Amino acid sequence: MTKELVIVGASGHGKVIADIAEQLGFTVKFYDDAYPTKTNIEHWPIQGTCADLIALHTTPIDVVVAIGNNEIRQQKIQLLQQNSFNLITLTHPAAVISKYAVIAQGTVVFAGAIINAFAKVGVGCIINTSAVVEHDCTIGDFTHICPNVALAGGVIVGSKSWVGIGSQVRQLITIGDNCLIGAGSTVVKNIPNNVTVFGSPAVPR
Ligand SMILES: CC(=O)SCCNC(=O)CCNC(=O)[C@H](O)C(C)(C)COP(=O)(O)OP(=O)(O)OC[C@H]1O[C@@H](n2cnc3c(N)ncnc32)[C@H](O)[C@@H]1OP(=O)(O)O
């Protein structure tokens with residue numbers, strides 16, 4: 001029997017998730033709050049809003065939230081969890097994940113990403129294309145590690161932070177909650193909560 005996966009969020013990010021899901025043998029169904037203004041994404045029809053999905057829900061349904069904004073992704077994931085949806089972890093077949101790494105539910109891991117031994121990744125994270133999460137890193141819930149980011153060993157990134165595309169973080173650095181690391185940055189000092197930094201070396205802005 002074909003497995004079905006509901007994707008909440010008909011976005012560019014959602015397209016990548018749909019592609020991965022189909023490679024893993026799922027058929028996909030999109031829901032998005034822009035419905036009915038928006039009725040399809042590429043060739044995939046949008047079935048309804050998130051509220052429609054919750055109203056329809058009778059049996060356990062596998063779901064992934066495909067929303068790039070960390071705050072909104074958190075809200076949708078928590079809403080779906082409260083309504084007993086089965087939040088799955090989706091990993092591209094070409095991602096490399098250590099058997100000693102721990103990845104919480106609702107996280108997606110894209111092609112070429114590497115998550116090394118004893119790394120821990122929280123709930124509802126995005127480990128984007130070709131990101132490297134080295135050994136012993138800890139990533140908080142609802143954080144986005146963008147494409148081509150390199151986190152060296154033992155880096156801690158808090159919850160709902162966004163590590164911008166192509167950034168690199170020196171080993172054993174701690175980045176707080178709700179931080180934004182600008183694209184192409186080099187982080188060599190700890191970053192407190194709620195701070196935007198960018199540049200090489202990255203400094204607060
Ligand atoms: C699959 C995907 O697409 S995943 C998504 C990947 N996207 C990212 O990683 C984007 C991360 N975002 C960024 O890097 C953004 O540039 C931010 C959030 C750091 C800043 O955005 P904004 O506040 O809109 O800043 P804005 O673009 O107006 O630039 C302000 C100034 O900072 C500079 N600046 C902005 N970002 C950076 C950066 N990452 N590194 C160095 N300088 C930067 C700009 O050149 C500009 O300088 P100027 O005032 O001398 O002209």
# chains A, B, ... in the order shown; residues from 1 in each chain; ligands from 1
>>> residues_near_ligand(ligand="ligand 1", cutoff="10 Å", atoms="only C-alpha atoms and all ligand atoms", output="JSON, numbers by chain")
{"A": [12, 13, 16, 68, 69, 126, 127, 128, 129, 144, 145, 146, 147, 148, 149, 162, 163, 164, 165, 166, 167, 180, 181, 182, 183, 184, 185, 186, 196, 197, 198, 199, 200, 201, 202, 203, 205]}
>>> write_last_selection(atoms="N, CA, C and O atoms", output="compact mmCIF listing (two decimals), in the first residue's frame")
# COMPACT_ATOMS: atom_id res chain seq x y z
N GLY A 12 8.36 26.87 -1.75
CA GLY A 12 9.54 26.28 -2.39
C GLY A 12 10.12 25.18 -1.53
O GLY A 12 10.50 24.10 -2.01
N HIS A 13 10.17 25.44 -0.23
CA HIS A 13 10.65 24.44 0.73
C HIS A 13 9.75 23.19 0.67
O HIS A 13 10.25 22.06 0.71
N VAL A 16 10.61 20.85 -2.20
CA VAL A 16 11.77 19.99 -1.94
C VAL A 16 11.34 18.81 -1.06
O VAL A 16 11.74 17.66 -1.28
N GLY A 68 9.33 27.68 6.12
CA GLY A 68 10.70 28.11 6.45
C GLY A 68 10.77 29.00 7.67
O GLY A 68 11.73 28.94 8.43
N ASN A 69 9.75 29.83 7.90
CA ASN A 69 9.75 30.74 9.04
C ASN A 69 9.69 29.92 10.34
O ASN A 69 8.73 29.16 10.56
N ILE A 126 15.17 22.34 10.30
CA ILE A 126 15.52 22.14 8.89
C ILE A 126 17.04 22.03 8.81
O ILE A 126 17.75 22.96 9.20
N ILE A 127 17.50 20.89 8.34
CA ILE A 127 18.94 20.73 8.06
C ILE A 127 18.99 20.73 6.53
O ILE A 127 18.72 19.73 5.86
N ASN A 128 19.33 21.88 5.98
CA ASN A 128 19.14 22.10 4.55
C ASN A 128 20.27 21.49 3.72
O ASN A 128 21.23 20.93 4.27
N THR A 129 20.16 21.65 2.43
CA THR A 129 21.04 20.96 1.47
C THR A 129 22.52 21.14 1.80
O THR A 129 23.00 22.27 1.95
N HIS A 144 16.77 26.51 11.87
CA HIS A 144 17.05 26.24 10.45
C HIS A 144 18.55 26.38 10.19
O HIS A 144 19.12 27.46 10.40
N ILE A 145 19.16 25.30 9.77
CA ILE A 145 20.56 25.30 9.36
C ILE A 145 20.53 25.30 7.82
O ILE A 145 20.16 24.31 7.19
N CYS A 146 20.91 26.42 7.23
CA CYS A 146 20.73 26.63 5.79
C CYS A 146 21.72 25.82 4.94
O CYS A 146 22.66 25.22 5.47
N PRO A 147 21.51 25.85 3.62
CA PRO A 147 22.42 25.10 2.74
C PRO A 147 23.88 25.49 2.94
O PRO A 147 24.20 26.67 3.13
N ASN A 148 24.73 24.48 2.88
CA ASN A 148 26.19 24.67 2.93
C ASN A 148 26.72 25.30 4.20
O ASN A 148 27.84 25.81 4.22
N VAL A 149 25.95 25.26 5.25
CA VAL A 149 26.48 25.69 6.56
C VAL A 149 27.40 24.59 7.07
O VAL A 149 27.15 23.41 6.86
N TRP A 162 18.42 30.88 13.06
CA TRP A 162 18.51 30.72 11.63
C TRP A 162 19.98 30.94 11.27
O TRP A 162 20.48 32.05 11.40
N VAL A 163 20.65 29.89 10.85
CA VAL A 163 22.06 30.00 10.47
C VAL A 163 22.10 30.09 8.95
O VAL A 163 21.79 29.14 8.24
N GLY A 164 22.44 31.30 8.45
CA GLY A 164 22.30 31.62 7.03
C GLY A 164 23.22 30.83 6.12
O GLY A 164 24.28 30.34 6.52
N ILE A 165 22.82 30.80 4.88
CA ILE A 165 23.47 29.99 3.85
C ILE A 165 24.98 30.22 3.80
O ILE A 165 25.47 31.34 3.83
N GLY A 166 25.71 29.12 3.77
CA GLY A 166 27.16 29.18 3.61
C GLY A 166 27.93 29.63 4.83
O GLY A 166 29.14 29.87 4.73
N SER A 167 27.29 29.73 5.97
CA SER A 167 28.01 30.18 7.17
C SER A 167 28.82 29.04 7.77
O SER A 167 28.54 27.86 7.55
N LEU A 180 19.95 35.18 14.39
CA LEU A 180 20.03 35.14 12.93
C LEU A 180 21.50 35.34 12.56
O LEU A 180 22.10 36.36 12.89
N ILE A 181 22.05 34.35 11.90
CA ILE A 181 23.44 34.43 11.43
C ILE A 181 23.35 34.70 9.93
O ILE A 181 22.85 33.87 9.17
N GLY A 182 23.81 35.87 9.49
CA GLY A 182 23.67 36.25 8.09
C GLY A 182 24.42 35.33 7.15
O GLY A 182 25.38 34.65 7.55
N ALA A 183 24.00 35.34 5.91
CA ALA A 183 24.60 34.48 4.89
C ALA A 183 26.12 34.67 4.84
O ALA A 183 26.62 35.79 4.92
N GLY A 184 26.83 33.58 4.71
CA GLY A 184 28.27 33.63 4.50
C GLY A 184 29.09 34.10 5.68
O GLY A 184 30.23 34.54 5.51
N SER A 185 28.55 34.00 6.86
CA SER A 185 29.26 34.50 8.05
C SER A 185 30.24 33.47 8.61
O SER A 185 30.10 32.27 8.36
N THR A 186 31.18 33.97 9.39
CA THR A 186 32.09 33.10 10.13
C THR A 186 31.95 33.44 11.61
O THR A 186 32.29 34.55 12.03
N THR A 196 21.18 39.35 15.91
CA THR A 196 21.55 39.14 14.50
C THR A 196 23.02 39.48 14.33
O THR A 196 23.48 40.52 14.81
N VAL A 197 23.74 38.59 13.71
CA VAL A 197 25.16 38.86 13.41
C VAL A 197 25.40 38.54 11.93
O VAL A 197 24.69 37.73 11.35
N PHE A 198 26.38 39.19 11.35
CA PHE A 198 26.89 38.71 10.06
C PHE A 198 28.29 39.23 9.82
O PHE A 198 28.79 40.10 10.54
N GLY A 199 28.91 38.67 8.78
CA GLY A 199 30.28 39.04 8.42
C GLY A 199 31.28 37.99 8.88
O GLY A 199 30.95 37.02 9.54
N SER A 200 32.53 38.22 8.51
CA SER A 200 33.61 37.30 8.86
C SER A 200 34.77 38.11 9.45
O SER A 200 35.45 38.79 8.68
N PRO A 201 34.96 38.12 10.75
CA PRO A 201 34.16 37.40 11.74
C PRO A 201 32.80 38.05 11.92
O PRO A 201 32.65 39.26 11.69
N ALA A 202 31.82 37.23 12.33
CA ALA A 202 30.45 37.73 12.51
C ALA A 202 30.38 38.62 13.75
O ALA A 202 30.88 38.26 14.80
N VAL A 203 29.77 39.80 13.58
CA VAL A 203 29.57 40.71 14.71
C VAL A 203 28.11 41.15 14.74
O VAL A 203 27.43 41.16 13.71
N ARG A 205 24.67 43.23 14.62
CA ARG A 205 24.26 44.34 13.73
C ARG A 205 22.97 44.95 14.23
O ARG A 205 22.13 44.27 14.76
>>> residues_around(residues="Gly112 in chain A", least_positions_apart="5", cutoff="9 Å", atoms="only C-alpha atoms", output="count of residues only")
10
>>> atom_distance(atom1="CA of Val63 in chain A", atom2="CA of Glu4 in chain A")
8.8 Å
>>> closest_residue(among="A:Gln78, A:Thr143, A:Thr49, A:Thr2", to="Leu24 in chain A", atoms="only C-alpha atoms")
A:Thr2
>>> select_by_dssp(residues="range 41-194 of chain A", states="helix (DSSP H, G or I)", output="PDB file with N, CA, C and O atoms, in the first residue's frame")
ATOM      1  N   CYS A  50      -4.906  24.486   6.864  1.00  0.00           N
ATOM      2  CA  CYS A  50      -4.505  23.658   8.000  1.00  0.00           C
ATOM      3  C   CYS A  50      -5.731  23.342   8.864  1.00  0.00           C
ATOM      4  O   CYS A  50      -5.878  22.221   9.369  1.00  0.00           O
ATOM      5  N   ALA A  51      -6.637  24.307   9.009  1.00  0.00           N
ATOM      6  CA  ALA A  51      -7.872  24.066   9.778  1.00  0.00           C
ATOM      7  C   ALA A  51      -8.722  22.991   9.099  1.00  0.00           C
ATOM      8  O   ALA A  51      -9.309  22.134   9.773  1.00  0.00           O
ATOM      9  N   ASP A  52      -8.783  23.015   7.761  1.00  0.00           N
ATOM     10  CA  ASP A  52      -9.512  21.963   7.024  1.00  0.00           C
ATOM     11  C   ASP A  52      -8.902  20.595   7.329  1.00  0.00           C
ATOM     12  O   ASP A  52      -9.618  19.611   7.534  1.00  0.00           O
ATOM     13  N   LEU A  53      -7.585  20.552   7.333  1.00  0.00           N
ATOM     14  CA  LEU A  53      -6.883  19.287   7.598  1.00  0.00           C
ATOM     15  C   LEU A  53      -7.256  18.761   8.981  1.00  0.00           C
ATOM     16  O   LEU A  53      -7.576  17.577   9.139  1.00  0.00           O
ATOM     17  N   ILE A  54      -7.234  19.644   9.961  1.00  0.00           N
ATOM     18  CA  ILE A  54      -7.539  19.223  11.337  1.00  0.00           C
ATOM     19  C   ILE A  54      -9.002  18.757  11.431  1.00  0.00           C
ATOM     20  O   ILE A  54      -9.291  17.751  12.078  1.00  0.00           O
ATOM     21  N   ALA A  55      -9.893  19.465  10.731  1.00  0.00           N
ATOM     22  CA  ALA A  55     -11.315  19.085  10.772  1.00  0.00           C
ATOM     23  C   ALA A  55     -11.548  17.716  10.138  1.00  0.00           C
ATOM     24  O   ALA A  55     -12.420  16.957  10.574  1.00  0.00           O
ATOM     25  N   LEU A  56     -10.767  17.373   9.123  1.00  0.00           N
ATOM     26  CA  LEU A  56     -10.936  16.107   8.407  1.00  0.00           C
ATOM     27  C   LEU A  56     -10.336  14.910   9.128  1.00  0.00           C
ATOM     28  O   LEU A  56     -10.679  13.762   8.860  1.00  0.00           O
ATOM     29  N   ASN A  70      10.695  30.103  11.186  1.00  0.00           N
ATOM     30  CA  ASN A  70      10.803  29.242  12.375  1.00  0.00           C
ATOM     31  C   ASN A  70       9.607  29.380  13.311  1.00  0.00           C
ATOM     32  O   ASN A  70       9.124  28.398  13.867  1.00  0.00           O
ATOM     33  N   GLU A  71       9.161  30.614  13.501  1.00  0.00           N
ATOM     34  CA  GLU A  71       8.048  30.874  14.433  1.00  0.00           C
ATOM     35  C   GLU A  71       6.757  30.207  13.939  1.00  0.00           C
ATOM     36  O   GLU A  71       6.064  29.532  14.697  1.00  0.00           O
ATOM     37  N   ILE A  72       6.469  30.396  12.648  1.00  0.00           N
ATOM     38  CA  ILE A  72       5.219  29.829  12.102  1.00  0.00           C
ATOM     39  C   ILE A  72       5.316  28.305  12.044  1.00  0.00           C
ATOM     40  O   ILE A  72       4.346  27.597  12.328  1.00  0.00           O
ATOM     41  N   ARG A  73       6.499  27.802  11.720  1.00  0.00           N
ATOM     42  CA  ARG A  73       6.672  26.337  11.711  1.00  0.00           C
ATOM     43  C   ARG A  73       6.402  25.768  13.108  1.00  0.00           C
ATOM     44  O   ARG A  73       5.719  24.756  13.256  1.00  0.00           O
ATOM     45  N   GLN A  74       6.916  26.437  14.121  1.00  0.00           N
ATOM     46  CA  GLN A  74       6.669  25.984  15.495  1.00  0.00           C
ATOM     47  C   GLN A  74       5.163  25.967  15.807  1.00  0.00           C
ATOM     48  O   GLN A  74       4.640  24.988  16.336  1.00  0.00           O
ATOM     49  N   GLN A  75       4.477  27.062  15.450  1.00  0.00           N
ATOM     50  CA  GLN A  75       3.035  27.149  15.752  1.00  0.00           C
ATOM     51  C   GLN A  75       2.269  26.014  15.082  1.00  0.00           C
ATOM     52  O   GLN A  75       1.425  25.360  15.699  1.00  0.00           O
ATOM     53  N   LYS A  76       2.571  25.778  13.801  1.00  0.00           N
ATOM     54  CA  LYS A  76       1.833  24.738  13.066  1.00  0.00           C
ATOM     55  C   LYS A  76       2.158  23.351  13.617  1.00  0.00           C
ATOM     56  O   LYS A  76       1.268  22.497  13.761  1.00  0.00           O
ATOM     57  N   ILE A  77       3.420  23.106  13.914  1.00  0.00           N
ATOM     58  CA  ILE A  77       3.800  21.786  14.440  1.00  0.00           C
ATOM     59  C   ILE A  77       3.102  21.539  15.776  1.00  0.00           C
ATOM     60  O   ILE A  77       2.533  20.464  16.010  1.00  0.00           O
ATOM     61  N   GLN A  78       3.111  22.533  16.638  1.00  0.00           N
ATOM     62  CA  GLN A  78       2.498  22.330  17.951  1.00  0.00           C
ATOM     63  C   GLN A  78       0.989  22.134  17.827  1.00  0.00           C
ATOM     64  O   GLN A  78       0.405  21.301  18.522  1.00  0.00           O
ATOM     65  N   LEU A  79       0.361  22.858  16.902  1.00  0.00           N
ATOM     66  CA  LEU A  79      -1.076  22.685  16.665  1.00  0.00           C
ATOM     67  C   LEU A  79      -1.372  21.259  16.191  1.00  0.00           C
ATOM     68  O   LEU A  79      -2.306  20.605  16.667  1.00  0.00           O
ATOM     69  N   LEU A  80      -0.568  20.773  15.262  1.00  0.00           N
ATOM     70  CA  LEU A  80      -0.796  19.431  14.729  1.00  0.00           C
ATOM     71  C   LEU A  80      -0.513  18.366  15.790  1.00  0.00           C
ATOM     72  O   LEU A  80      -1.224  17.356  15.877  1.00  0.00           O
ATOM     73  N   GLN A  81       0.495  18.608  16.621  1.00  0.00           N
ATOM     74  CA  GLN A  81       0.785  17.657  17.705  1.00  0.00           C
ATOM     75  C   GLN A  81      -0.390  17.593  18.686  1.00  0.00           C
ATOM     76  O   GLN A  81      -0.786  16.512  19.109  1.00  0.00           O
ATOM     77  N   GLN A  82      -0.947  18.768  19.006  1.00  0.00           N
ATOM     78  CA  GLN A  82      -2.095  18.805  19.937  1.00  0.00           C
ATOM     79  C   GLN A  82      -3.281  18.042  19.361  1.00  0.00           C
ATOM     80  O   GLN A  82      -4.126  17.558  20.094  1.00  0.00           O
TER      81      GLN A  82
END
>>> atom_distance(atom1="CA of Pro60 in chain A", atom2="CA of Ser98 in chain A")
28.8 Å
>>> residues_around(residues="Asp19 in chain A", least_positions_apart="2", cutoff="12 Å", atoms="only C-alpha atoms", output="JSON, numbers by chain")
{"A": [5, 7, 12, 13, 14, 15, 16, 17, 21, 22, 23, 24, 25, 26, 27, 28, 29, 42, 43, 44, 90, 91, 92, 93, 110, 111]}
>>> write_last_selection(atoms="C-alpha atoms", output="mmCIF file, in the first residue's frame")
data_model
loop_
_atom_site.group_PDB
_atom_site.id
_atom_site.type_symbol
_atom_site.label_atom_id
_atom_site.label_comp_id
_atom_site.auth_asym_id
_atom_site.auth_seq_id
_atom_site.Cartn_x
_atom_site.Cartn_y
_atom_site.Cartn_z
ATOM 1 C CA LEU A 5 2.269 12.156 3.565
ATOM 2 C CA ILE A 7 2.734 18.495 3.721
ATOM 3 C CA GLY A 12 9.543 26.280 -2.391
ATOM 4 C CA HIS A 13 10.646 24.443 0.731
ATOM 5 C CA GLY A 14 7.505 22.320 0.416
ATOM 6 C CA LYS A 15 8.423 21.350 -3.133
ATOM 7 C CA VAL A 16 11.773 19.987 -1.939
ATOM 8 C CA ILE A 17 10.028 18.050 0.812
ATOM 9 C CA ALA A 21 8.827 12.182 0.091
ATOM 10 C CA GLU A 22 8.116 10.796 -3.381
ATOM 11 C CA GLN A 23 11.637 9.385 -3.583
ATOM 12 C CA LEU A 24 10.868 7.603 -0.313
ATOM 13 C CA GLY A 25 7.666 6.117 -1.759
ATOM 14 C CA PHE A 26 5.058 8.493 -0.321
ATOM 15 C CA THR A 27 2.234 10.096 -2.235
ATOM 16 C CA VAL A 28 1.904 13.673 -1.064
ATOM 17 C CA LYS A 29 -1.025 15.945 -0.250
ATOM 18 C CA GLU A 42 3.388 23.104 -9.462
ATOM 19 C CA HIS A 43 1.379 19.994 -10.424
ATOM 20 C CA TRP A 44 0.294 19.223 -6.846
ATOM 21 C CA LEU A 90 12.038 13.094 6.696
ATOM 22 C CA THR A 91 15.547 12.382 5.485
ATOM 23 C CA HIS A 92 16.745 12.530 1.884
ATOM 24 C CA PRO A 93 18.301 9.198 0.818
ATOM 25 C CA PHE A 110 17.984 17.456 2.810
ATOM 26 C CA ALA A 111 20.297 16.003 0.161
#
>>> closest_residue(among="A:Lys160, A:Lys120, A:His135, A:Lys38", to="Ile103 in chain A", atoms="only C-alpha atoms")
A:Lys120
>>> atom_distance(atom1="CA of Phe85 in chain A", atom2="CA of Tyr31 in chain A")
13.8 Å
>>> residues_around(residues="Val123 in chain A", least_positions_apart="2", cutoff="6 Å", atoms="only C-alpha atoms", output="PDB file with all heavy atoms, in the first residue's frame")
ATOM      1  N   ALA A 104      15.125  14.606  16.349  1.00  0.00           N
ATOM      2  CA  ALA A 104      13.761  14.591  16.899  1.00  0.00           C
ATOM      3  C   ALA A 104      12.723  14.685  15.784  1.00  0.00           C
ATOM      4  O   ALA A 104      13.038  14.991  14.630  1.00  0.00           O
ATOM      5  CB  ALA A 104      13.591  15.721  17.898  1.00  0.00           C
ATOM      6  N   GLN A 105      11.459  14.484  16.152  1.00  0.00           N
ATOM      7  CA  GLN A 105      10.388  14.400  15.162  1.00  0.00           C
ATOM      8  C   GLN A 105      10.124  15.762  14.507  1.00  0.00           C
ATOM      9  O   GLN A 105      10.382  16.819  15.090  1.00  0.00           O
ATOM     10  CB  GLN A 105       9.109  13.843  15.780  1.00  0.00           C
ATOM     11  CG  GLN A 105       8.517  14.700  16.837  1.00  0.00           C
ATOM     12  CD  GLN A 105       7.234  14.128  17.410  1.00  0.00           C
ATOM     13  OE1 GLN A 105       6.804  14.520  18.461  1.00  0.00           O
ATOM     14  NE2 GLN A 105       6.592  13.205  16.730  1.00  0.00           N
ATOM     15  N   GLY A 106       9.664  15.676  13.262  1.00  0.00           N
ATOM     16  CA  GLY A 106       9.299  16.879  12.526  1.00  0.00           C
ATOM     17  C   GLY A 106      10.467  17.576  11.858  1.00  0.00           C
ATOM     18  O   GLY A 106      10.283  18.602  11.211  1.00  0.00           O
ATOM     19  N   THR A 107      11.652  17.017  12.003  1.00  0.00           N
ATOM     20  CA  THR A 107      12.838  17.614  11.363  1.00  0.00           C
ATOM     21  C   THR A 107      13.006  17.046   9.961  1.00  0.00           C
ATOM     22  O   THR A 107      12.712  15.875   9.711  1.00  0.00           O
ATOM     23  CB  THR A 107      14.074  17.359  12.247  1.00  0.00           C
ATOM     24  OG1 THR A 107      14.007  18.249  13.362  1.00  0.00           O
ATOM     25  CG2 THR A 107      15.386  17.565  11.520  1.00  0.00           C
ATOM     26  N   CYS A 125      13.244  20.963  13.064  1.00  0.00           N
ATOM     27  CA  CYS A 125      14.376  21.702  12.469  1.00  0.00           C
ATOM     28  C   CYS A 125      14.438  21.468  10.959  1.00  0.00           C
ATOM     29  O   CYS A 125      13.862  20.518  10.434  1.00  0.00           O
ATOM     30  CB  CYS A 125      15.695  21.234  13.081  1.00  0.00           C
ATOM     31  SG  CYS A 125      15.879  21.706  14.811  1.00  0.00           S
ATOM     32  N   ASP A 141      15.157  23.207  19.138  1.00  0.00           N
ATOM     33  CA  ASP A 141      13.931  23.007  18.364  1.00  0.00           C
ATOM     34  C   ASP A 141      13.674  24.176  17.404  1.00  0.00           C
ATOM     35  O   ASP A 141      13.949  25.334  17.727  1.00  0.00           O
ATOM     36  CB  ASP A 141      12.732  22.897  19.313  1.00  0.00           C
ATOM     37  CG  ASP A 141      12.828  21.702  20.252  1.00  0.00           C
ATOM     38  OD1 ASP A 141      13.586  20.756  19.950  1.00  0.00           O
ATOM     39  OD2 ASP A 141      12.144  21.716  21.293  1.00  0.00           O
TER      40      ASP A 141
END
>>> closest_residue(among="A:Leu87, A:Val188, A:Gly154, A:Asn40", to="Ala117 in chain A", atoms="only C-alpha atoms")
A:Gly154
>>> residues_around(residues="Phe30 in chain A", least_positions_apart="6", cutoff="8 Å", atoms="only C-alpha atoms", output="list in words")
Val6, Ile7, Val8, Gly9, Ala10, Trp44, Pro45, Ile46, Gln47 and Gly48 of chain A
